[in-house]
file entry03.pdb (PDB, C-alpha atoms)
ATOM      1  CA  MET A 154      22.696 -13.048  14.746
ATOM      2  CA  SER A 155      19.799 -12.765  12.271
ATOM      3  CA  ASP A 156      19.527 -14.807   9.076
ATOM      4  CA  GLN A 157      20.304 -11.669   7.089
ATOM      5  CA  GLU A 158      23.616 -11.199   8.904
ATOM      6  CA  ASP A 159      24.849 -14.768   8.464
ATOM      7  CA  ASN A 160      26.144 -14.153   4.941
ATOM      8  CA  MET A 161      27.512 -10.782   3.928
ATOM      9  CA  ASN A 162      26.645 -11.566   0.280
ATOM     10  CA  THR A 163      22.995 -12.242   1.075
ATOM     11  CA  LYS A 164      20.524  -9.588  -0.018
ATOM     12  CA  THR A 165      18.924  -7.802   2.916
ATOM     13  CA  ALA A 166      15.254  -6.954   3.340
ATOM     14  CA  LYS A 167      13.254  -4.880   5.762
ATOM     15  CA  ILE A 168       9.453  -4.839   5.814
ATOM     16  CA  ILE A 169       7.736  -2.116   7.779
ATOM     17  CA  ILE A 170       4.473  -2.919   9.529
ATOM     18  CA  ALA A 171       2.293   0.187   9.475
ATOM     19  CA  THR A 172       0.414   0.569  12.748
ATOM     20  CA  HIS A 173      -1.115   3.265  14.914
ATOM     21  CA  LYS A 174      -1.416   1.136  18.051
ATOM     22  CA  GLN A 175       0.232  -1.710  19.909
ATOM     23  CA  TYR A 176      -0.498  -5.093  18.385
ATOM     24  CA  LYS A 177       0.992  -8.584  18.214
ATOM     25  CA  MET A 178       3.907  -8.394  15.780
ATOM     26  CA  PRO A 179       5.926 -11.036  13.895
ATOM     27  CA  LYS A 180       9.201 -11.872  15.633
ATOM     28  CA  ASP A 181      11.256 -12.224  12.447
ATOM     29  CA  THR A 182      13.890  -9.463  12.424
ATOM     30  CA  MET A 183      12.990  -8.654   8.820
ATOM     31  CA  TYR A 184       9.946  -6.822  10.187
ATOM     32  CA  LEU A 185      10.005  -3.313  11.592
ATOM     33  CA  PRO A 186       6.796  -2.146  13.310
ATOM     34  CA  LEU A 187       6.353   1.533  12.431
ATOM     35  CA  HIS A 188       4.115   3.958  14.290
ATOM     36  CA  VAL A 189       2.540   5.877  11.398
ATOM     37  CA  GLY A 190       1.081   9.301  12.025
ATOM     38  CA  ALA A 191       3.248   9.755  15.110
ATOM     39  CA  GLU A 192       3.667  13.492  14.558
ATOM     40  CA  GLY A 193       1.519  15.516  16.943
ATOM     41  CA  LYS A 194       0.158  12.513  18.836
ATOM     42  CA  ALA A 195       0.185  12.885  22.621
ATOM     43  CA  ASP A 196      -0.624  10.666  25.586
ATOM     44  CA  ALA A 197      -3.001  11.525  28.435
ATOM     45  CA  CYS A 198      -0.288  13.614  30.087
ATOM     46  CA  GLY A 199       0.419  15.650  26.977
ATOM     47  CA  ASN A 200       3.724  13.940  26.236
ATOM     48  CA  PRO A 201       4.579  12.647  22.755
ATOM     49  CA  LEU A 202       2.765   9.344  22.339
ATOM     50  CA  ASP A 203       5.112   6.363  22.535
ATOM     51  CA  ILE A 204       3.647   2.955  21.694
ATOM     52  CA  GLY A 205       7.038   1.268  21.706
ATOM     53  CA  TYR A 206       7.728   1.213  17.963
ATOM     54  CA  GLN A 207       9.858   3.179  15.553
ATOM     55  CA  LYS A 208       8.039   6.440  14.696
ATOM     56  CA  ASP A 209       7.476   7.819  11.214
ATOM     57  CA  ASN A 210       8.204  11.410  12.284
ATOM     58  CA  THR A 211      11.986  10.991  12.394
ATOM     59  CA  GLY A 212      14.446  11.800   9.640
ATOM     60  CA  ASP A 213      12.964  12.826   6.292
ATOM     61  CA  ASN A 214       9.229  12.293   6.777
ATOM     62  CA  ILE A 215       5.642  13.350   6.011
ATOM     63  CA  SER A 216       4.154  12.024   9.244
ATOM     64  CA  GLU A 217       1.838  15.029   9.600
ATOM     65  CA  LYS A 218      -0.019  13.944   6.446
ATOM     66  CA  ASN A 219      -1.081  10.589   7.904
ATOM     67  CA  ALA A 220      -4.752  11.524   8.343
ATOM     68  CA  SER A 221      -5.096  11.700   4.562
ATOM     69  CA  PHE A 222      -2.109   9.675   3.301
ATOM     70  CA  CYS A 223      -2.642   6.692   5.662
ATOM     71  CA  GLU A 224       0.127   4.072   5.519
ATOM     72  CA  LEU A 225       1.887   6.054   2.793
ATOM     73  CA  THR A 226       3.564   8.146   5.500
ATOM     74  CA  GLY A 227       5.215   4.874   6.489
ATOM     75  CA  LEU A 228       6.182   4.066   2.913
ATOM     76  CA  TYR A 229       7.696   7.531   2.523
ATOM     77  CA  TRP A 230       9.656   7.121   5.768
ATOM     78  CA  ALA A 231      10.975   3.721   4.702
ATOM     79  CA  TRP A 232      11.942   5.052   1.263
ATOM     80  CA  LYS A 233      13.856   7.977   2.712
ATOM     81  CA  ASN A 234      15.372   6.431   5.825
ATOM     82  CA  LEU A 235      16.045   2.708   5.358
ATOM     83  CA  ASP A 236      19.252   1.372   3.818
ATOM     84  CA  THR A 237      18.628  -2.196   2.693
ATOM     85  CA  ASP A 238      18.440  -4.112  -0.579
ATOM     86  CA  TYR A 239      14.667  -4.678  -0.425
ATOM     87  CA  ILE A 240      11.988  -2.640   1.333
ATOM     88  CA  GLY A 241       8.404  -3.714   1.938
ATOM     89  CA  LEU A 242       5.153  -2.502   3.468
ATOM     90  CA  VAL A 243       2.457  -4.512   5.210
ATOM     91  CA  HIS A 244      -0.155  -3.683   7.848
ATOM     92  CA  TYR A 245      -0.554  -4.744  11.448
ATOM     93  CA  ARG A 246      -3.685  -6.703  10.494
ATOM     94  CA  ARG A 247      -2.707  -7.755   6.975
ATOM     95  CA  HIS A 248       0.417  -9.721   6.090
ATOM     96  CA  PHE A 249       2.071 -11.654   3.314
ATOM     97  CA  GLY A 250       1.818 -15.355   4.087
ATOM     98  CA  ILE A 251      -0.764 -18.053   4.678
ATOM     99  CA  LYS A 252      -3.524 -17.813   7.277
ATOM    100  CA  LEU A 253      -3.075 -20.394  10.015
ATOM    101  CA  LYS A 254      -4.866 -20.889  13.304
ATOM    102  CA  ASP A 255      -1.850 -19.310  14.963
ATOM    103  CA  TRP A 256      -1.560 -16.515  12.421
ATOM    104  CA  GLU A 257       1.946 -15.514  13.465
ATOM    105  CA  LYS A 258       3.264 -18.871  12.196
ATOM    106  CA  GLY A 259       1.841 -18.169   8.747
ATOM    107  CA  VAL A 260       3.563 -14.811   8.194
ATOM    108  CA  LEU A 261       6.187 -14.688   5.438
ATOM    109  CA  THR A 262       9.682 -15.070   6.895
ATOM    110  CA  TYR A 263      13.025 -13.847   5.656
ATOM    111  CA  LYS A 264      14.106 -17.471   5.252
ATOM    112  CA  GLN A 265      11.206 -17.986   2.823
ATOM    113  CA  LEU A 266      11.749 -14.689   1.003
ATOM    114  CA  GLU A 267      15.540 -14.742   0.662
ATOM    115  CA  PRO A 268      15.779 -17.411  -2.088
ATOM    116  CA  MET A 269      13.445 -15.310  -4.251
ATOM    117  CA  LEU A 270      15.373 -12.052  -3.957
ATOM    118  CA  GLU A 271      17.841 -12.915  -6.713
ATOM    119  CA  LYS A 272      15.023 -13.553  -9.188
ATOM    120  CA  TYR A 273      12.345 -10.939  -8.423
ATOM    121  CA  GLN A 274      12.398  -7.159  -8.183
ATOM    122  CA  VAL A 275       8.812  -6.577  -7.069
ATOM    123  CA  PHE A 276       6.559  -8.657  -4.826
ATOM    124  CA  VAL A 277       2.839  -7.934  -4.736
ATOM    125  CA  PRO A 278      -0.203  -9.403  -2.984
ATOM    126  CA  GLN A 279      -2.404 -11.701  -5.020
ATOM    127  CA  LYS A 280      -4.865  -9.751  -7.158
ATOM    128  CA  ARG A 281      -8.075  -8.597  -5.545
ATOM    129  CA  GLN A 282     -11.076  -9.411  -7.737
ATOM    130  CA  TYR A 283     -14.067  -7.057  -7.970
ATOM    131  CA  TYR A 284     -15.972  -9.170 -10.529
ATOM    132  CA  ILE A 285     -18.963  -6.878 -11.240
ATOM    133  CA  GLU A 286     -17.075  -3.593 -10.814
ATOM    134  CA  THR A 287     -14.091  -1.983 -12.476
ATOM    135  CA  LEU A 288     -11.503  -0.242 -10.340
ATOM    136  CA  TYR A 289     -12.967   3.058 -11.475
ATOM    137  CA  SER A 290     -16.644   2.228 -10.953
ATOM    138  CA  HIS A 291     -15.976   0.733  -7.529
ATOM    139  CA  TYR A 292     -14.065   3.842  -6.497
ATOM    140  CA  ALA A 293     -16.777   6.116  -7.910
ATOM    141  CA  HIS A 294     -19.496   4.262  -6.006
ATOM    142  CA  THR A 295     -17.678   4.057  -2.684
ATOM    143  CA  HIS A 296     -15.602   7.267  -2.759
ATOM    144  CA  TYR A 297     -15.447  10.308  -5.100
ATOM    145  CA  ALA A 298     -14.582   9.863  -8.768
ATOM    146  CA  GLU A 299     -13.251  13.410  -9.167
ATOM    147  CA  GLN A 300     -10.212  12.371  -7.120
ATOM    148  CA  LEU A 301      -9.290   9.830  -9.775
ATOM    149  CA  ASP A 302     -10.220  12.189 -12.601
ATOM    150  CA  LEU A 303      -7.881  14.855 -11.278
ATOM    151  CA  THR A 304      -5.171  12.254 -10.797
ATOM    152  CA  ARG A 305      -5.556  11.323 -14.449
ATOM    153  CA  SER A 306      -5.110  14.961 -15.450
ATOM    154  CA  ILE A 307      -1.910  15.194 -13.422
ATOM    155  CA  ILE A 308      -0.535  12.014 -14.962
ATOM    156  CA  ALA A 309      -1.405  13.336 -18.438
ATOM    157  CA  GLU A 310       0.569  16.518 -17.716
ATOM    158  CA  LYS A 311       3.538  15.161 -15.782
ATOM    159  CA  TYR A 312       3.846  11.553 -16.977
ATOM    160  CA  PRO A 313       2.054  11.262 -20.335
ATOM    161  CA  ASP A 314       3.777   7.940 -21.086
ATOM    162  CA  TYR A 315       1.699   6.436 -18.276
ATOM    163  CA  LEU A 316      -1.663   7.641 -19.561
ATOM    164  CA  GLU A 317      -2.360   4.605 -21.714
ATOM    165  CA  SER A 318      -1.702   2.327 -18.744
ATOM    166  CA  TYR A 319      -3.934   4.485 -16.543
ATOM    167  CA  ASP A 320      -6.841   4.268 -18.969
ATOM    168  CA  GLU A 321      -6.450   0.510 -19.212
ATOM    169  CA  VAL A 322      -5.975  -0.168 -15.510
ATOM    170  CA  ILE A 323      -9.050   1.698 -14.277
ATOM    171  CA  HIS A 324     -11.211  -0.540 -16.468
ATOM    172  CA  HIS A 325      -9.806  -3.714 -14.931
ATOM    173  CA  THR A 326     -12.002  -5.671 -12.525
ATOM    174  CA  TYR A 327      -8.948  -6.643 -10.485
ATOM    175  CA  GLY A 328      -5.833  -5.080  -9.068
ATOM    176  CA  TYR A 329      -2.965  -5.270  -6.609
ATOM    177  CA  MET A 330      -4.411  -3.418  -3.648
ATOM    178  CA  PHE A 331      -3.737  -2.453  -0.011
ATOM    179  CA  ASN A 332      -0.474  -0.580  -0.739
ATOM    180  CA  MET A 333       1.309  -3.832   0.098
ATOM    181  CA  MET A 334       4.559  -4.591  -1.698
ATOM    182  CA  ILE A 335       8.183  -5.598  -1.347
ATOM    183  CA  MET A 336      10.585  -3.997  -3.818
ATOM    184  CA  SER A 337      14.250  -3.732  -4.575
ATOM    185  CA  LYS A 338      15.586  -0.364  -3.452
ATOM    186  CA  LYS A 339      15.995   0.671  -7.099
ATOM    187  CA  SER A 340      12.380  -0.158  -7.964
ATOM    188  CA  LEU A 341      11.077   1.456  -4.778
ATOM    189  CA  ASP A 342      12.983   4.642  -5.517
ATOM    190  CA  ALA A 343      11.496   4.786  -9.021
ATOM    191  CA  TYR A 344       7.986   4.101  -7.739
ATOM    192  CA  CYS A 345       8.038   6.495  -4.789
ATOM    193  CA  SER A 346       9.585   9.329  -6.831
ATOM    194  CA  TRP A 347       6.705   8.957  -9.296
ATOM    195  CA  LEU A 348       3.968   8.348  -6.737
ATOM    196  CA  PHE A 349       4.659  11.179  -4.327
ATOM    197  CA  ASP A 350       5.238  13.673  -7.115
ATOM    198  CA  ILE A 351       1.696  12.911  -8.313
ATOM    199  CA  LEU A 352       0.105  12.842  -4.857
ATOM    200  CA  PHE A 353       1.715  16.079  -3.685
ATOM    201  CA  GLU A 354       0.415  17.771  -6.843
ATOM    202  CA  LEU A 355      -3.010  16.245  -6.257
ATOM    203  CA  GLU A 356      -2.919  17.608  -2.723
ATOM    204  CA  LYS A 357      -2.189  21.112  -4.036
ATOM    205  CA  ARG A 358      -5.058  21.001  -6.516
ATOM    206  CA  MET A 359      -7.610  19.388  -4.199
ATOM    207  CA  GLY A 360      -7.159  22.020  -1.512
ATOM    208  CA  THR A 361      -9.028  21.133   1.666
ATOM    209  CA  PRO A 362     -12.195  19.273   0.673
ATOM    210  CA  GLU A 363     -14.944  18.931   3.260
ATOM    211  CA  LEU A 364     -14.945  15.199   3.806
ATOM    212  CA  SER A 365     -15.446  12.847   6.722
ATOM    213  CA  ALA A 366     -12.326  11.489   8.411
ATOM    214  CA  PHE A 367     -12.806   8.158   6.630
ATOM    215  CA  GLN A 368     -13.345   9.677   3.179
ATOM    216  CA  GLY A 369     -10.501  12.141   3.767
ATOM    217  CA  ARG A 370      -7.983   9.300   3.580
ATOM    218  CA  PHE A 371      -8.254   9.244  -0.205
ATOM    219  CA  TYR A 372      -4.594   9.769  -1.105
ATOM    220  CA  GLY A 373      -3.882   6.309   0.238
ATOM    221  CA  ARG A 374      -6.768   4.926  -1.817
ATOM    222  CA  VAL A 375      -5.726   6.666  -5.024
ATOM    223  CA  SER A 376      -2.257   5.194  -4.601
ATOM    224  CA  GLU A 377      -3.690   1.667  -4.411
ATOM    225  CA  ILE A 378      -5.004   2.085  -7.938
ATOM    226  CA  ILE A 379      -2.133   3.965  -9.526
ATOM    227  CA  PHE A 380       0.402   1.481  -8.172
ATOM    228  CA  ASN A 381      -1.084  -0.813 -10.813
ATOM    229  CA  VAL A 382      -0.595   1.935 -13.405
ATOM    230  CA  TRP A 383       3.071   2.343 -12.497
ATOM    231  CA  LEU A 384       3.694  -1.399 -12.557
ATOM    232  CA  ASP A 385       1.904  -1.852 -15.889
ATOM    233  CA  GLU A 386       3.970   0.879 -17.533
ATOM    234  CA  GLN A 387       7.225  -0.428 -16.066
ATOM    235  CA  ILE A 388       6.554  -3.756 -17.757
ATOM    236  CA  LYS A 389       5.363  -2.217 -21.027
ATOM    237  CA  SER A 390       8.419   0.019 -21.254
ATOM    238  CA  GLY A 391      10.786  -2.836 -20.510
ATOM    239  CA  LYS A 392      12.085  -1.285 -17.287
ATOM    240  CA  LEU A 393      10.780  -4.380 -15.538
ATOM    241  CA  ASN A 394      10.303  -7.823 -16.966
ATOM    242  CA  LYS A 395       6.989  -9.453 -16.094
ATOM    243  CA  SER A 396       8.966 -12.437 -14.837
ATOM    244  CA  GLN A 397      10.558 -10.161 -12.224
ATOM    245  CA  VAL A 398       7.200  -9.573 -10.512
ATOM    246  CA  LYS A 399       6.026 -12.175  -8.020
ATOM    247  CA  GLU A 400       2.540 -12.505  -6.520
ATOM    248  CA  LEU A 401       2.495 -13.630  -2.904
ATOM    249  CA  PRO A 402      -0.451 -14.894  -0.854
ATOM    250  CA  TYR A 403      -1.666 -12.621   1.923
ATOM    251  CA  PHE A 404      -4.134 -12.841   4.753
ATOM    252  CA  HIS A 405      -6.109 -10.720   7.187
ATOM    253  CA  VAL A 406      -5.327 -11.326  10.840
ATOM    254  CA  GLU A 407      -8.862 -10.485  11.963
ATOM    255  CA  LYS A 408     -12.110 -11.747  10.492
ATOM    256  CA  ILE A 409     -13.769  -9.653   7.796
ATOM    257  CA  ASN A 410     -17.462  -8.946   8.310
ATOM    258  CA  TRP A 411     -18.516 -10.160   4.870
ATOM    259  CA  ALA A 412     -22.211  -9.559   5.500
ATOM    260  CA  LYS A 413     -21.579  -5.933   6.415
ATOM    261  CA  LYS A 414     -19.087  -5.515   3.597
ATOM    262  CA  GLY A 415     -21.437  -7.047   1.023
ATOM    263  CA  THR A 416     -24.336  -4.875   2.158
ATOM    264  CA  ALA A 417     -22.226  -1.731   2.003
ATOM    265  CA  PHE A 418     -20.942  -2.741  -1.436
ATOM    266  CA  MET A 419     -24.466  -3.123  -2.851
ATOM    267  CA  GLU A 420     -25.699   0.085  -1.203
ATOM    268  CA  ALA A 421     -22.780   1.929  -2.776
ATOM    269  CA  LYS A 422     -23.403   0.412  -6.205
ATOM    270  CA  LEU A 423     -27.198   0.759  -6.256
ATOM    271  CA  PHE A 424     -27.855   3.787  -4.062
ATOM    272  CA  HIS A 425     -24.540   5.685  -4.240
ATOM    273  CA  LYS A 426     -24.048   5.447  -0.487
ATOM    274  CA  LYS A 427     -20.371   6.141   0.225
ATOM    275  CA  TYR A 428     -18.309   3.975   2.545
ATOM    276  CA  GLU A 429     -17.810   5.417   6.019
ATOM    277  CA  GLY A 430     -15.790   2.699   7.677
ATOM    278  CA  SER A 431     -13.796  -0.480   7.232
ATOM    279  CA  PHE A 432     -15.202  -3.976   7.604
TER     280      PHE A 432
END

call {"tool": "encode", "arguments": {"input": "entry03.pdb", "output": "structure tokens"}}
result
Amino acid sequence: MSDQEDNMNTKTAKIIIATHKQYKMPKDTMYLPLHVGAEGKADACGNPLDIGYQKDNTGDNISEKNASFCELTGLYWAWKNLDTDYIGLVHYRRHFGIKLKDWEKGVLTYKQLEPMLEKYQVFVPQKRQYYIETLYSHYAHTHYAEQLDLTRSIIAEKYPDYLESYDEVIHHTYGYMFNMMIMSKKSLDAYCSWLFDILFELEKRMGTPELSAFQGRFYGRVSEIIFNVWLDEQIKSGKLNKSQVKELPYFHVEKINWAKKGTAFMEAKLFHKKYEGSF
């Protein structure tokens, strides 16, 4: 019996781990490895690809959009198909917790999370600091600013109450990034209803831009920024109390190539060279 089943009054939580390949996964039953972008994937024999995890092309899903929506196809699947008090999203190489030599021992457990569920509605990763860049300028240097500009237009039309937060957030030099979060089902429903309404409209207006595979994943990147917009407005409007939002430490399983990342960052800022890969 799992910790979540020991007490029927205990709030339940399920955190999906977005992945496209087999990888070492946490053993805590709170975690659900999810094969994102499963739709249309085939093995060498032409059969549907099965990597041994739950697939995101079951039930109500947008799995076919994974090439451009990234881990958001997993978030959409979790939103539409999971029945639990709290739902979260992490990545196979990026988790909530503390980095230890044996990284699996540092991953956030349900036993650690459960006492906080009564107090907090939204859990976010610690802020990422950009220091010499704003969220907007960093995006403009490394990706394409018109994607954010069009997103702003859509927010102005469909959710004008959020426009002030948008204009403030994009000038911040920090933000909650990576599309990592854990939310109460009520908060997740509010966020996803808002988010996907905006992104689906953005998709209609963008058409089919001629971009590299890496740059084509921009819906997932736009969502990283506007998550901060949604959260800011929720707090301003009183729908969420700031004390109901909890920052959690996170870590990368694999080493980041900081030299390569720093070089790419400066080339983007000084010479407008767009990113074409992760680090």

call {"tool": "residues_around", "arguments": {"input": "entry03.pdb", "residues": "range 318-323 of chain A", "least_positions_apart": "5", "cutoff": "8 Å", "atoms": "all atoms listed in the file", "output": "PyMOL selection string"}}
result
chain A and resi 287-289+305+378-379+381-383+385-386

call {"tool": "resolve_selection", "arguments": {"input": "entry03.pdb", "expression": "the PyMOL selection byres ((chain A and resi 257-273) around 7)", "output": "PyMOL selection string"}}
result
chain A and resi 164+179+181+183+248-253+255-256+274-275+397-399

call {"tool": "resolve_selection", "arguments": {"input": "entry03.pdb", "expression": "the PyMOL selection byres ((chain A and resi 290) around 12)", "output": "PyMOL selection string"}}
result
chain A and resi 283-289+291-299+301-302+322-327+418+421-423+425

call {"tool": "resolve_selection", "arguments": {"input": "entry03.pdb", "expression": "the PyMOL selection byres ((chain A and resi 245) around 7)", "output": "tab-separated table (two decimals) with C-alpha atoms, in the coordinates of the input"}}
result
chain	number	residue	atom	x	y	z
A	170	ILE	CA	4.47	-2.92	9.53
A	171	ALA	CA	2.29	0.19	9.48
A	172	THR	CA	0.41	0.57	12.75
A	176	TYR	CA	-0.50	-5.09	18.39
A	243	VAL	CA	2.46	-4.51	5.21
A	244	HIS	CA	-0.16	-3.68	7.85
A	246	ARG	CA	-3.68	-6.70	10.49
A	247	ARG	CA	-2.71	-7.76	6.98

call {"tool": "axis_aligned_box", "arguments": {"input": "entry03.pdb", "around": "range 270-279 of chain A", "padding_each_side": "4 Å", "output": "AutoDock Vina command-line options"}}
result
--center_x 7.7 --center_y -10.1 --center_z -6.1 --size_x 28.2 --size_y 15.0 --size_z 14.2

call {"tool": "atom_distance", "arguments": {"input": "entry03.pdb", "atom1": "CA of Asn162 in chain A", "atom2": "CA of Gly227 in chain A"}}
result
27.7 Å

call {"tool": "residues_around", "arguments": {"input": "entry03.pdb", "residues": "range 359-373 of chain A", "least_positions_apart": "3", "cutoff": "8 Å", "atoms": "all atoms listed in the file", "output": "list in words"}}
result
Ala220, Ser221, Phe222, Cys223, Glu224, Leu225, His296, Gln300, Asn332, Leu352, Leu355, Glu356, Ser376, Glu377, Tyr428, Glu429 and Gly430 of chain A

call {"tool": "closest_residue", "arguments": {"input": "entry03.pdb", "among": "A:Phe349, A:Asp196, A:Arg374, A:His188", "to": "Asn210 in chain A", "atoms": "all atoms listed in the file"}}
result
A:His188

call {"tool": "atom_distance", "arguments": {"input": "entry03.pdb", "atom1": "CA of Gln279 in chain A", "atom2": "CA of Glu407 in chain A"}}
result
18.2 Å

call {"tool": "atom_distance", "arguments": {"input": "entry03.pdb", "atom1": "CA of Ile335 in chain A", "atom2": "CA of Tyr184 in chain A"}}
result
11.7 Å

call {"tool": "residues_around", "arguments": {"input": "entry03.pdb", "residues": "Glu400 in chain A", "least_positions_apart": "4", "cutoff": "7 Å", "atoms": "all atoms listed in the file", "output": "PyMOL selection string"}}
result
chain A and resi 276-279

call {"tool": "closest_residue", "arguments": {"input": "entry03.pdb", "among": "A:Thr165, A:Lys177, A:Leu384, A:Thr182", "to": "Val406 in chain A", "atoms": "all atoms listed in the file"}}
result
A:Lys177

call {"tool": "residues_around", "arguments": {"input": "entry03.pdb", "residues": "range 336-341 of chain A", "least_positions_apart": "3", "cutoff": "8 Å", "atoms": "only C-alpha atoms", "output": "PyMOL selection string"}}
result
chain A and resi 232+237-241+274-276+344-345

call {"tool": "closest_residue", "arguments": {"input": "entry03.pdb", "among": "A:Leu316, A:Asn234, A:Tyr206, A:Glu192", "to": "Met178 in chain A", "atoms": "all atoms listed in the file"}}
result
A:Tyr206
